[in-house]
Protein chains: 2
Amino acid sequence: MRSAEFNKEHVLRQAMVTFMQYGYNKTSMQTLTKATGLHPGSIYCAFKNKKGLLLGAIEQYQQDRNAQFETLFSQHTTAHSALSALLDVIVDECLNGESGQVCLLTKTLTELEGQNDEISSVLANNLISFENSLAKVIQDGIKRQEISAKPDAKERAQFLAMGIYGIRTYAATRRQAEILRQLSDRLLATVLT
Amino acid sequence: MRSAEFNKEHVLRQAMVTFMQYGYNKTSMQTLTKATGLHPGSIYCAFKNKKGLLLGAIEQYQQDRNAQFETLFSQHTTAHSALSALLDVIVDECLNGESGQVCLLTKTLTELEGQNDEISSVLANNLISFENSLAKVIQDGIKRQEISAKPDAKERAQFLAMGIYGIRTYAATRRQAEILRQLSDRLLATVLT
DNA sequence: TTTAAGCTTGAACAATCATTCAAGAAAATC
DNA sequence: GATTTTCTTGAATGATTGTTCAAGCTTAAA
């Protein structure tokens, strides 16, 4: 009877950052031991294997993101200002985040799609849940008669999600503040019109 | 004096498909020898190394894509029908293409961004050149007074490119014809309004 | 203080990785 | 037909991969 010495959340966040930076396949266990400070045995004991560590990191990412966005949304009273603030965060991450260190979900899904169905479906589910939380914000705006009920919240949220994924890939080709802001402005206008 | 036995274009297309399916880091040289039919020595003689083979595959991909899209665009007289046809092709690829086997450029850029600056910049340049060819089609539409001159062709093309990247990532989460068609319709309407 | 449970450590494992290279084979030149 | 040039072949390289495991250590219960 002895409790683990390491902080699981902390370890998962370190792994998360490492997976985001190098991608799943390029991240070696050696890299992960250095990043987390854990020895191989401890990692395999706590997370079973490399895939288990990724799944843990994905879960932690989702938790952190949900908390971040819920806080953000709670600070705004209209769908417009809430989503505008969200896009500001995303554009800012694209501009100021370390190169290659984008959203763990989209990055890993792009890499592993068609290779690992288990991880892919976990990632897809998490992204759909993100889309659903966008739909909720939009639905609130519709209820408040801030925007029209047609197209419905679901359809608007799908387009917004698509746009966010697109902005991130676009930023990989051109990291220019002016362009990314223009894209996000136009995206928001389209979604809320 | 003896000419190579293999067809370079053919080999590059095989490599291209393999890289698309597994991603750069998960594609081993062993896999590539099987896919191309070439022995290691021949690959290293013709392309220097694995990275060189990827660069060759990217070039081939770009060539094939340019030819495909130029043919497609030449069959249409309005920007609307040309871009609509393009989006049909892309949506069709998302729906009927093998899972994970999306655009080599965006997939590889997402995987290698921040890891390999040489490959990343080649990919970014190719994607920007794709965006420029979109701008050209749009500019033609403006000249023909099919669409208004403001926002300009460049800005519209940027938004369209972003949308295309977004649709592909979105398709990785949900491969549903109805949704993807709705997204592409809405994207086209936004770009041409 | 002894015992027992379980975490930590890090060396070792087989497998796979990208790459090399010397020998064999084929075509072009003489 | 001989020679030379270049391509092909595939075994071998050392490095790195993900994973295991037995020994050592720490803590909580007895």
# chains A, B, ... in the order shown; residues from 1 in each chain; ligands from 1
>>> closest_atom_pairs(of="chain C", to="chain B", cutoff="12 Å", atoms="only C-alpha atoms (C1' of nucleotides)", output="CSV")
residue,atom,partner,partner_atom,distance
C:DT16,C1',B:Ser28,CA,9.1
C:DC17,C1',B:Ser28,CA,7.4
C:DA18,C1',B:Met29,CA,7.0
C:DT19,C1',B:Asn49,CA,8.1
C:DT20,C1',B:Gly41,CA,8.3
C:DC21,C1',B:Gly41,CA,8.8
C:DA22,C1',B:Gly41,CA,11.7
C:DA25,C1',B:Arg2,CA,11.1
C:DA26,C1',B:Arg2,CA,7.4
C:DA27,C1',B:Arg2,CA,5.1
C:DA28,C1',B:Met1,CA,5.4
C:DT29,C1',B:Met1,CA,8.5
>>> write_last_selection(atoms="N, CA and C atoms (P, O5', C5', C4', C3', O3' and C1' of nucleotides)", output="short mmCIF file (atom, residue, chain, number, x, y, z; two decimals), in the first residue's frame")
data_model
loop_
_atom_site.label_atom_id
_atom_site.label_comp_id
_atom_site.auth_asym_id
_atom_site.auth_seq_id
_atom_site.Cartn_x
_atom_site.Cartn_y
_atom_site.Cartn_z
P DT C 16 8.45 -6.85 -36.22
"O5'" DT C 16 8.96 -5.39 -36.60
"C5'" DT C 16 8.53 -4.26 -35.83
"C4'" DT C 16 9.46 -3.10 -36.08
"C3'" DT C 16 9.66 -2.78 -37.58
"O3'" DT C 16 9.12 -1.49 -37.82
"C1'" DT C 16 11.68 -2.66 -36.35
P DC C 17 9.05 -0.89 -39.27
"O5'" DC C 17 10.21 0.21 -39.22
"C5'" DC C 17 10.16 1.20 -38.19
"C4'" DC C 17 11.45 1.98 -38.16
"C3'" DC C 17 12.05 2.29 -39.52
"O3'" DC C 17 11.46 3.49 -40.00
"C1'" DC C 17 13.75 1.53 -38.02
P DA C 18 11.56 3.79 -41.54
"O5'" DA C 18 13.02 4.38 -41.75
"C5'" DA C 18 13.41 5.56 -41.07
"C4'" DA C 18 14.89 5.82 -41.27
"C3'" DA C 18 15.28 6.12 -42.72
"O3'" DA C 18 16.28 7.12 -42.74
"C1'" DA C 18 16.40 4.16 -41.98
P DT C 19 16.85 7.66 -44.13
"O5'" DT C 19 18.12 6.72 -44.35
"C5'" DT C 19 19.09 6.63 -43.31
"C4'" DT C 19 20.14 5.59 -43.65
"C3'" DT C 19 20.75 5.69 -45.06
"O3'" DT C 19 22.11 6.09 -44.91
"C1'" DT C 19 20.34 3.43 -44.41
P DT C 20 23.00 6.36 -46.23
"O5'" DT C 20 23.84 5.00 -46.31
"C5'" DT C 20 24.50 4.53 -45.15
"C4'" DT C 20 25.16 3.19 -45.43
"C3'" DT C 20 26.02 3.16 -46.70
"O3'" DT C 20 27.29 2.65 -46.35
"C1'" DT C 20 24.53 1.32 -46.66
P DC C 21 28.56 2.97 -47.27
"O5'" DC C 21 28.88 1.53 -47.89
"C5'" DC C 21 28.62 0.36 -47.11
"C4'" DC C 21 28.63 -0.88 -48.01
"C3'" DC C 21 29.38 -0.69 -49.33
"O3'" DC C 21 30.09 -1.87 -49.62
"C1'" DC C 21 27.19 -1.37 -49.77
P DA C 22 31.68 -1.77 -49.91
"O5'" DA C 22 32.05 -3.26 -50.34
"C5'" DA C 22 31.57 -4.34 -49.54
"C4'" DA C 22 30.86 -5.37 -50.40
"C3'" DA C 22 31.59 -5.73 -51.71
"O3'" DA C 22 31.47 -7.12 -51.92
"C1'" DA C 22 29.41 -5.04 -52.19
P DA C 25 23.93 -12.94 -61.60
"O5'" DA C 25 23.24 -11.72 -62.35
"C5'" DA C 25 22.10 -11.09 -61.77
"C4'" DA C 25 21.61 -9.99 -62.68
"C3'" DA C 25 21.61 -10.35 -64.17
"O3'" DA C 25 20.42 -9.84 -64.75
"C1'" DA C 25 22.92 -8.41 -63.82
P DA C 26 19.98 -10.29 -66.21
"O5'" DA C 26 19.99 -8.89 -66.98
"C5'" DA C 26 19.29 -7.78 -66.41
"C4'" DA C 26 19.73 -6.51 -67.10
"C3'" DA C 26 19.73 -6.61 -68.64
"O3'" DA C 26 19.08 -5.46 -69.16
"C1'" DA C 26 21.81 -5.80 -67.87
P DA C 27 18.30 -5.54 -70.56
"O5'" DA C 27 18.92 -4.31 -71.35
"C5'" DA C 27 18.87 -3.02 -70.76
"C4'" DA C 27 20.14 -2.26 -71.05
"C3'" DA C 27 20.40 -1.96 -72.53
"O3'" DA C 27 20.41 -0.57 -72.70
"C1'" DA C 27 22.37 -2.62 -71.40
P DA C 28 20.08 0.09 -74.13
"O5'" DA C 28 21.43 0.87 -74.48
"C5'" DA C 28 21.90 1.83 -73.54
"C4'" DA C 28 23.40 2.02 -73.71
"C3'" DA C 28 23.84 2.34 -75.15
"O3'" DA C 28 24.68 3.49 -75.12
"C1'" DA C 28 25.15 0.58 -74.27
P DT C 29 25.12 4.20 -76.51
"O5'" DT C 29 26.67 3.88 -76.59
"C5'" DT C 29 27.54 4.28 -75.52
"C4'" DT C 29 28.89 3.57 -75.65
"C3'" DT C 29 29.59 3.80 -76.99
"O3'" DT C 29 30.88 4.36 -76.77
"C1'" DT C 29 29.61 1.51 -76.38
#
>>> select_by_dssp(residues="chain A", states="helix (DSSP H, G or I)", output="count of residues only")
147
>>> residues_around(residues="Leu72 (chain A)", least_positions_apart="2", cutoff="10 Å", atoms="only C-alpha atoms (C1' of nucleotides)", output="ChimeraX atom specification")
/A:66-70,74-76,82-83,85-86,89
>>> write_last_selection(atoms="N, CA, C and O atoms", output="PDB file, in the first residue's frame")
ATOM      1  N   ASN A  66     -12.934  21.966 -22.026  1.00  0.00           N
ATOM      2  CA  ASN A  66     -14.312  22.196 -21.597  1.00  0.00           C
ATOM      3  C   ASN A  66     -14.367  23.260 -20.505  1.00  0.00           C
ATOM      4  O   ASN A  66     -15.188  24.178 -20.563  1.00  0.00           O
ATOM      5  N   ALA A  67     -13.473  23.123 -19.534  1.00  0.00           N
ATOM      6  CA  ALA A  67     -13.434  24.100 -18.443  1.00  0.00           C
ATOM      7  C   ALA A  67     -13.129  25.489 -18.988  1.00  0.00           C
ATOM      8  O   ALA A  67     -13.796  26.474 -18.644  1.00  0.00           O
ATOM      9  N   GLN A  68     -12.140  25.553 -19.866  1.00  0.00           N
ATOM     10  CA  GLN A  68     -11.727  26.838 -20.450  1.00  0.00           C
ATOM     11  C   GLN A  68     -12.875  27.509 -21.202  1.00  0.00           C
ATOM     12  O   GLN A  68     -13.150  28.690 -21.011  1.00  0.00           O
ATOM     13  N   PHE A  69     -13.568  26.728 -22.022  1.00  0.00           N
ATOM     14  CA  PHE A  69     -14.618  27.307 -22.863  1.00  0.00           C
ATOM     15  C   PHE A  69     -15.876  27.628 -22.063  1.00  0.00           C
ATOM     16  O   PHE A  69     -16.555  28.619 -22.338  1.00  0.00           O
ATOM     17  N   GLU A  70     -16.178  26.798 -21.077  1.00  0.00           N
ATOM     18  CA  GLU A  70     -17.342  27.101 -20.254  1.00  0.00           C
ATOM     19  C   GLU A  70     -17.143  28.404 -19.487  1.00  0.00           C
ATOM     20  O   GLU A  70     -18.055  29.225 -19.365  1.00  0.00           O
ATOM     21  N   SER A  74     -19.391  31.739 -20.141  1.00  0.00           N
ATOM     22  CA  SER A  74     -20.161  32.285 -19.014  1.00  0.00           C
ATOM     23  C   SER A  74     -19.919  33.784 -18.838  1.00  0.00           C
ATOM     24  O   SER A  74     -20.673  34.468 -18.159  1.00  0.00           O
ATOM     25  N   GLN A  75     -18.841  34.262 -19.454  1.00  0.00           N
ATOM     26  CA  GLN A  75     -18.519  35.687 -19.316  1.00  0.00           C
ATOM     27  C   GLN A  75     -19.224  36.554 -20.359  1.00  0.00           C
ATOM     28  O   GLN A  75     -19.045  37.770 -20.390  1.00  0.00           O
ATOM     29  N   HIS A  76     -19.983  35.898 -21.230  1.00  0.00           N
ATOM     30  CA  HIS A  76     -20.624  36.658 -22.305  1.00  0.00           C
ATOM     31  C   HIS A  76     -22.123  36.407 -22.309  1.00  0.00           C
ATOM     32  O   HIS A  76     -22.579  35.310 -22.000  1.00  0.00           O
ATOM     33  N   ALA A  82     -19.868  35.767 -27.315  1.00  0.00           N
ATOM     34  CA  ALA A  82     -19.275  34.516 -26.830  1.00  0.00           C
ATOM     35  C   ALA A  82     -18.448  33.849 -27.925  1.00  0.00           C
ATOM     36  O   ALA A  82     -17.297  33.455 -27.706  1.00  0.00           O
ATOM     37  N   LEU A  83     -19.024  33.737 -29.124  1.00  0.00           N
ATOM     38  CA  LEU A  83     -18.315  33.060 -30.206  1.00  0.00           C
ATOM     39  C   LEU A  83     -17.172  33.912 -30.742  1.00  0.00           C
ATOM     40  O   LEU A  83     -16.139  33.389 -31.168  1.00  0.00           O
ATOM     41  N   ALA A  85     -15.359  35.813 -28.877  1.00  0.00           N
ATOM     42  CA  ALA A  85     -14.282  35.601 -27.906  1.00  0.00           C
ATOM     43  C   ALA A  85     -13.605  34.253 -28.126  1.00  0.00           C
ATOM     44  O   ALA A  85     -12.379  34.129 -28.036  1.00  0.00           O
ATOM     45  N   LEU A  86     -14.415  33.245 -28.449  1.00  0.00           N
ATOM     46  CA  LEU A  86     -13.854  31.913 -28.728  1.00  0.00           C
ATOM     47  C   LEU A  86     -12.902  31.959 -29.926  1.00  0.00           C
ATOM     48  O   LEU A  86     -11.780  31.445 -29.876  1.00  0.00           O
ATOM     49  N   VAL A  89      -9.616  33.488 -29.144  1.00  0.00           N
ATOM     50  CA  VAL A  89      -8.715  32.551 -28.467  1.00  0.00           C
ATOM     51  C   VAL A  89      -8.040  31.637 -29.487  1.00  0.00           C
ATOM     52  O   VAL A  89      -6.824  31.419 -29.457  1.00  0.00           O
TER      53      VAL A  89
END
>>> closest_residue(among="C:DG24, C:DC30, C:DC13, C:DT8", to="DG24 (chain D)", atoms="only C-alpha atoms (C1' of nucleotides)")
C:DT8
>>> interface_residues(of="chain B", to="chain A", cutoff="8 Å", atoms="only C-alpha atoms", output="number ranges by chain")
B: 21-23, 25-26, 98-101, 106-107, 109-115, 121, 123-125, 127-128, 158-159, 161-167, 169-170, 172-174, 183, 190
>>> residues_around(residues="Gly56 (chain A)", least_positions_apart="4", cutoff="7 Å", atoms="only C-alpha atoms (C1' of nucleotides)", output="PyMOL selection string")
chain A and resi 12+52+60
>>> write_last_selection(atoms="C-alpha atoms", output="CSV table (one decimal), in the first residue's frame")
chain,number,residue,atom,x,y,z
A,12,LEU,CA,-1.0,13.8,-18.6
A,52,GLY,CA,-3.2,4.3,-23.1
A,60,GLN,CA,-7.2,15.5,-20.0
>>> interface_residues(of="chain D", to="chain B", cutoff="10 Å", atoms="only C-alpha atoms (C1' of nucleotides)", output="PDB file with all heavy atoms, in the first residue's frame")
ATOM      1  P    DT D   4      37.371  -1.693 -69.794  1.00  0.00           P
ATOM      2  OP1  DT D   4      38.633  -0.967 -69.951  1.00  0.00           O
ATOM      3  OP2  DT D   4      37.231  -2.766 -68.773  1.00  0.00           O
ATOM      4  O5'  DT D   4      36.206  -0.625 -69.568  1.00  0.00           O
ATOM      5  C5'  DT D   4      35.660   0.074 -70.694  1.00  0.00           C
ATOM      6  C4'  DT D   4      34.286   0.608 -70.340  1.00  0.00           C
ATOM      7  O4'  DT D   4      33.272  -0.404 -70.504  1.00  0.00           O
ATOM      8  C3'  DT D   4      34.159   1.121 -68.903  1.00  0.00           C
ATOM      9  O3'  DT D   4      33.533   2.380 -68.928  1.00  0.00           O
ATOM     10  C2'  DT D   4      33.286   0.083 -68.222  1.00  0.00           C
ATOM     11  C1'  DT D   4      32.405  -0.351 -69.395  1.00  0.00           C
ATOM     12  N1   DT D   4      31.767  -1.705 -69.251  1.00  0.00           N
ATOM     13  C2   DT D   4      30.465  -1.865 -69.668  1.00  0.00           C
ATOM     14  O2   DT D   4      29.804  -0.968 -70.148  1.00  0.00           O
ATOM     15  N3   DT D   4      29.975  -3.136 -69.512  1.00  0.00           N
ATOM     16  C4   DT D   4      30.643  -4.241 -68.983  1.00  0.00           C
ATOM     17  O4   DT D   4      30.091  -5.318 -68.889  1.00  0.00           O
ATOM     18  C5   DT D   4      31.993  -3.987 -68.564  1.00  0.00           C
ATOM     19  C7   DT D   4      32.798  -5.101 -67.957  1.00  0.00           C
ATOM     20  C6   DT D   4      32.497  -2.742 -68.700  1.00  0.00           C
ATOM     21  P    DT D   5      33.743   3.476 -67.816  1.00  0.00           P
ATOM     22  OP1  DT D   5      34.461   4.635 -68.374  1.00  0.00           O
ATOM     23  OP2  DT D   5      34.255   2.779 -66.613  1.00  0.00           O
ATOM     24  O5'  DT D   5      32.222   3.908 -67.547  1.00  0.00           O
ATOM     25  C5'  DT D   5      31.325   4.001 -68.663  1.00  0.00           C
ATOM     26  C4'  DT D   5      29.925   3.605 -68.238  1.00  0.00           C
ATOM     27  O4'  DT D   5      29.777   2.168 -68.205  1.00  0.00           O
ATOM     28  C3'  DT D   5      29.516   4.101 -66.847  1.00  0.00           C
ATOM     29  O3'  DT D   5      28.420   4.969 -66.970  1.00  0.00           O
ATOM     30  C2'  DT D   5      29.150   2.835 -66.073  1.00  0.00           C
ATOM     31  C1'  DT D   5      28.847   1.856 -67.202  1.00  0.00           C
ATOM     32  N1   DT D   5      29.021   0.413 -66.837  1.00  0.00           N
ATOM     33  C2   DT D   5      28.022  -0.480 -67.173  1.00  0.00           C
ATOM     34  O2   DT D   5      27.004  -0.145 -67.739  1.00  0.00           O
ATOM     35  N3   DT D   5      28.288  -1.779 -66.820  1.00  0.00           N
ATOM     36  C4   DT D   5      29.404  -2.263 -66.171  1.00  0.00           C
ATOM     37  O4   DT D   5      29.517  -3.448 -65.914  1.00  0.00           O
ATOM     38  C5   DT D   5      30.408  -1.279 -65.847  1.00  0.00           C
ATOM     39  C7   DT D   5      31.659  -1.686 -65.139  1.00  0.00           C
ATOM     40  C6   DT D   5      30.172   0.011 -66.194  1.00  0.00           C
ATOM     41  P    DT D   6      27.956   5.938 -65.807  1.00  0.00           P
ATOM     42  OP1  DT D   6      27.620   7.242 -66.402  1.00  0.00           O
ATOM     43  OP2  DT D   6      28.928   5.813 -64.689  1.00  0.00           O
ATOM     44  O5'  DT D   6      26.595   5.239 -65.360  1.00  0.00           O
ATOM     45  C5'  DT D   6      25.675   4.791 -66.361  1.00  0.00           C
ATOM     46  C4'  DT D   6      24.722   3.787 -65.752  1.00  0.00           C
ATOM     47  O4'  DT D   6      25.363   2.484 -65.645  1.00  0.00           O
ATOM     48  C3'  DT D   6      24.250   4.148 -64.343  1.00  0.00           C
ATOM     49  O3'  DT D   6      22.845   4.105 -64.314  1.00  0.00           O
ATOM     50  C2'  DT D   6      24.872   3.076 -63.465  1.00  0.00           C
ATOM     51  C1'  DT D   6      24.916   1.910 -64.446  1.00  0.00           C
ATOM     52  N1   DT D   6      25.847   0.801 -64.090  1.00  0.00           N
ATOM     53  C2   DT D   6      25.433  -0.500 -64.300  1.00  0.00           C
ATOM     54  O2   DT D   6      24.344  -0.778 -64.771  1.00  0.00           O
ATOM     55  N3   DT D   6      26.346  -1.451 -63.933  1.00  0.00           N
ATOM     56  C4   DT D   6      27.599  -1.242 -63.394  1.00  0.00           C
ATOM     57  O4   DT D   6      28.317  -2.183 -63.122  1.00  0.00           O
ATOM     58  C5   DT D   6      27.968   0.144 -63.209  1.00  0.00           C
ATOM     59  C7   DT D   6      29.304   0.493 -62.612  1.00  0.00           C
ATOM     60  C6   DT D   6      27.086   1.089 -63.554  1.00  0.00           C
ATOM     61  P    DC D   7      21.983   4.618 -63.089  1.00  0.00           P
ATOM     62  OP1  DC D   7      21.146   5.749 -63.536  1.00  0.00           O
ATOM     63  OP2  DC D   7      22.856   4.768 -61.910  1.00  0.00           O
ATOM     64  O5'  DC D   7      21.045   3.347 -62.888  1.00  0.00           O
ATOM     65  C5'  DC D   7      20.469   2.721 -64.024  1.00  0.00           C
ATOM     66  C4'  DC D   7      20.084   1.296 -63.670  1.00  0.00           C
ATOM     67  O4'  DC D   7      21.273   0.521 -63.434  1.00  0.00           O
ATOM     68  C3'  DC D   7      19.239   1.197 -62.403  1.00  0.00           C
ATOM     69  O3'  DC D   7      18.079   0.405 -62.659  1.00  0.00           O
ATOM     70  C2'  DC D   7      20.146   0.538 -61.387  1.00  0.00           C
ATOM     71  C1'  DC D   7      21.114  -0.239 -62.262  1.00  0.00           C
ATOM     72  N1   DC D   7      22.465  -0.412 -61.646  1.00  0.00           N
ATOM     73  C2   DC D   7      22.987  -1.704 -61.440  1.00  0.00           C
ATOM     74  O2   DC D   7      22.312  -2.686 -61.782  1.00  0.00           O
ATOM     75  N3   DC D   7      24.212  -1.847 -60.881  1.00  0.00           N
ATOM     76  C4   DC D   7      24.912  -0.763 -60.531  1.00  0.00           C
ATOM     77  N4   DC D   7      26.109  -0.960 -59.978  1.00  0.00           N
ATOM     78  C5   DC D   7      24.398   0.557 -60.725  1.00  0.00           C
ATOM     79  C6   DC D   7      23.193   0.682 -61.270  1.00  0.00           C
ATOM     80  P    DT D   8      17.020   0.153 -61.493  1.00  0.00           P
ATOM     81  OP1  DT D   8      15.698   0.002 -62.121  1.00  0.00           O
ATOM     82  OP2  DT D   8      17.251   1.159 -60.443  1.00  0.00           O
ATOM     83  O5'  DT D   8      17.463  -1.265 -60.931  1.00  0.00           O
ATOM     84  C5'  DT D   8      17.491  -2.394 -61.813  1.00  0.00           C
ATOM     85  C4'  DT D   8      17.927  -3.631 -61.048  1.00  0.00           C
ATOM     86  O4'  DT D   8      19.293  -3.462 -60.591  1.00  0.00           O
ATOM     87  C3'  DT D   8      17.101  -3.951 -59.796  1.00  0.00           C
ATOM     88  O3'  DT D   8      16.664  -5.293 -59.885  1.00  0.00           O
ATOM     89  C2'  DT D   8      18.055  -3.710 -58.634  1.00  0.00           C
ATOM     90  C1'  DT D   8      19.418  -3.955 -59.269  1.00  0.00           C
ATOM     91  N1   DT D   8      20.562  -3.236 -58.652  1.00  0.00           N
ATOM     92  C2   DT D   8      21.610  -3.969 -58.135  1.00  0.00           C
ATOM     93  O2   DT D   8      21.655  -5.184 -58.148  1.00  0.00           O
ATOM     94  N3   DT D   8      22.636  -3.214 -57.602  1.00  0.00           N
ATOM     95  C4   DT D   8      22.700  -1.839 -57.529  1.00  0.00           C
ATOM     96  O4   DT D   8      23.673  -1.276 -57.019  1.00  0.00           O
ATOM     97  C5   DT D   8      21.570  -1.130 -58.083  1.00  0.00           C
ATOM     98  C7   DT D   8      21.532   0.361 -58.052  1.00  0.00           C
ATOM     99  C6   DT D   8      20.560  -1.855 -58.620  1.00  0.00           C
ATOM    100  P    DT D   9      15.522  -5.837 -58.896  1.00  0.00           P
ATOM    101  OP1  DT D   9      14.705  -6.784 -59.671  1.00  0.00           O
ATOM    102  OP2  DT D   9      14.900  -4.669 -58.247  1.00  0.00           O
ATOM    103  O5'  DT D   9      16.323  -6.656 -57.801  1.00  0.00           O
ATOM    104  C5'  DT D   9      17.315  -7.595 -58.213  1.00  0.00           C
ATOM    105  C4'  DT D   9      18.238  -7.940 -57.059  1.00  0.00           C
ATOM    106  O4'  DT D   9      19.123  -6.847 -56.819  1.00  0.00           O
ATOM    107  C3'  DT D   9      17.538  -8.198 -55.718  1.00  0.00           C
ATOM    108  O3'  DT D   9      17.607  -9.589 -55.459  1.00  0.00           O
ATOM    109  C2'  DT D   9      18.318  -7.355 -54.706  1.00  0.00           C
ATOM    110  C1'  DT D   9      19.561  -6.960 -55.476  1.00  0.00           C
ATOM    111  N1   DT D   9      20.180  -5.650 -55.120  1.00  0.00           N
ATOM    112  C2   DT D   9      21.443  -5.630 -54.593  1.00  0.00           C
ATOM    113  O2   DT D   9      22.111  -6.643 -54.395  1.00  0.00           O
ATOM    114  N3   DT D   9      21.930  -4.371 -54.306  1.00  0.00           N
ATOM    115  C4   DT D   9      21.279  -3.162 -54.496  1.00  0.00           C
ATOM    116  O4   DT D   9      21.819  -2.096 -54.196  1.00  0.00           O
ATOM    117  C5   DT D   9      19.950  -3.253 -55.052  1.00  0.00           C
ATOM    118  C7   DT D   9      19.161  -2.008 -55.293  1.00  0.00           C
ATOM    119  C6   DT D   9      19.462  -4.480 -55.334  1.00  0.00           C
ATOM    120  P    DG D  10      16.493 -10.272 -54.520  1.00  0.00           P
ATOM    121  OP1  DG D  10      16.398 -11.697 -54.900  1.00  0.00           O
ATOM    122  OP2  DG D  10      15.280  -9.429 -54.493  1.00  0.00           O
ATOM    123  O5'  DG D  10      17.209 -10.177 -53.107  1.00  0.00           O
ATOM    124  C5'  DG D  10      18.503 -10.709 -52.953  1.00  0.00           C
ATOM    125  C4'  DG D  10      19.108 -10.225 -51.658  1.00  0.00           C
ATOM    126  O4'  DG D  10      19.582  -8.864 -51.810  1.00  0.00           O
ATOM    127  C3'  DG D  10      18.137 -10.187 -50.463  1.00  0.00           C
ATOM    128  O3'  DG D  10      18.839 -10.561 -49.297  1.00  0.00           O
ATOM    129  C2'  DG D  10      17.781  -8.716 -50.363  1.00  0.00           C
ATOM    130  C1'  DG D  10      19.132  -8.119 -50.694  1.00  0.00           C
ATOM    131  N9   DG D  10      19.111  -6.701 -51.020  1.00  0.00           N
ATOM    132  C8   DG D  10      18.033  -5.957 -51.442  1.00  0.00           C
ATOM    133  N7   DG D  10      18.328  -4.698 -51.637  1.00  0.00           N
ATOM    134  C5   DG D  10      19.679  -4.604 -51.324  1.00  0.00           C
ATOM    135  C6   DG D  10      20.548  -3.501 -51.338  1.00  0.00           C
ATOM    136  O6   DG D  10      20.296  -2.336 -51.650  1.00  0.00           O
ATOM    137  N1   DG D  10      21.849  -3.854 -50.958  1.00  0.00           N
ATOM    138  C2   DG D  10      22.235  -5.121 -50.591  1.00  0.00           C
ATOM    139  N2   DG D  10      23.511  -5.272 -50.259  1.00  0.00           N
ATOM    140  N3   DG D  10      21.427  -6.164 -50.576  1.00  0.00           N
ATOM    141  C4   DG D  10      20.176  -5.836 -50.951  1.00  0.00           C
TER     142       DG D  10
END
>>> residues_around(residues="Val11 (chain B)", least_positions_apart="5", cutoff="9 Å", atoms="only C-alpha atoms (C1' of nucleotides)", output="list in words")
Phe6, Met16, Ala35, Thr36, Gly37, Leu38 and Ala57 of chain B
>>> atom_distance(atom1="CA of Ala46 (chain B)", atom2="C1' of DA2 (chain D)")
29.3 Å
>>> atom_distance(atom1="CA of Tyr61 (chain B)", atom2="CA of Glu9 (chain B)")
10.0 Å
>>> residues_around(residues="Ser148 (chain B)", least_positions_apart="4", cutoff="12 Å", atoms="only C-alpha atoms (C1' of nucleotides)", output="PyMOL selection string")
chain B and resi 79+138-144+152-153+156+191-193
>>> write_last_selection(atoms="N, CA and C atoms", output="mmCIF file, in the first residue's frame")
data_model
loop_
_atom_site.group_PDB
_atom_site.id
_atom_site.type_symbol
_atom_site.label_atom_id
_atom_site.label_comp_id
_atom_site.auth_asym_id
_atom_site.auth_seq_id
_atom_site.Cartn_x
_atom_site.Cartn_y
_atom_site.Cartn_z
ATOM 1 N N ALA B 79 -17.641 31.114 -62.605
ATOM 2 C CA ALA B 79 -16.941 30.806 -61.358
ATOM 3 C C ALA B 79 -17.813 29.898 -60.487
ATOM 4 N N ILE B 138 -11.941 32.900 -59.310
ATOM 5 C CA ILE B 138 -12.828 33.910 -58.743
ATOM 6 C C ILE B 138 -12.647 35.246 -59.459
ATOM 7 N N GLN B 139 -11.408 35.576 -59.734
ATOM 8 C CA GLN B 139 -11.115 36.831 -60.441
ATOM 9 C C GLN B 139 -11.800 36.853 -61.812
ATOM 10 N N ASP B 140 -11.795 35.723 -62.479
ATOM 11 C CA ASP B 140 -12.499 35.617 -63.760
ATOM 12 C C ASP B 140 -13.986 35.915 -63.582
ATOM 13 N N GLY B 141 -14.541 35.388 -62.499
ATOM 14 C CA GLY B 141 -15.951 35.629 -62.204
ATOM 15 C C GLY B 141 -16.233 37.103 -61.953
ATOM 16 N N ILE B 142 -15.278 37.761 -61.298
ATOM 17 C CA ILE B 142 -15.437 39.197 -61.031
ATOM 18 C C ILE B 142 -15.378 39.985 -62.342
ATOM 19 N N LYS B 143 -14.412 39.620 -63.173
ATOM 20 C CA LYS B 143 -14.260 40.298 -64.465
ATOM 21 C C LYS B 143 -15.519 40.155 -65.304
ATOM 22 N N ARG B 144 -16.110 38.977 -65.222
ATOM 23 C CA ARG B 144 -17.337 38.721 -65.985
ATOM 24 C C ARG B 144 -18.569 39.335 -65.306
ATOM 25 N N ASP B 152 -12.462 41.201 -52.470
ATOM 26 C CA ASP B 152 -11.692 40.863 -53.675
ATOM 27 C C ASP B 152 -11.415 39.356 -53.787
ATOM 28 N N ALA B 153 -10.899 38.981 -54.955
ATOM 29 C CA ALA B 153 -10.702 37.559 -55.258
ATOM 30 C C ALA B 153 -9.789 36.879 -54.239
ATOM 31 N N ARG B 156 -11.639 36.195 -50.972
ATOM 32 C CA ARG B 156 -12.617 35.125 -51.190
ATOM 33 C C ARG B 156 -11.918 33.768 -51.306
ATOM 34 N N VAL B 191 -18.725 32.339 -50.240
ATOM 35 C CA VAL B 191 -17.589 32.819 -51.035
ATOM 36 C C VAL B 191 -18.062 33.663 -52.221
ATOM 37 N N LEU B 192 -19.202 33.312 -52.779
ATOM 38 C CA LEU B 192 -19.651 33.998 -53.992
ATOM 39 C C LEU B 192 -20.664 35.111 -53.730
ATOM 40 N N THR B 193 -20.912 35.396 -52.456
ATOM 41 C CA THR B 193 -21.865 36.461 -52.132
ATOM 42 C C THR B 193 -21.128 37.769 -51.807
#
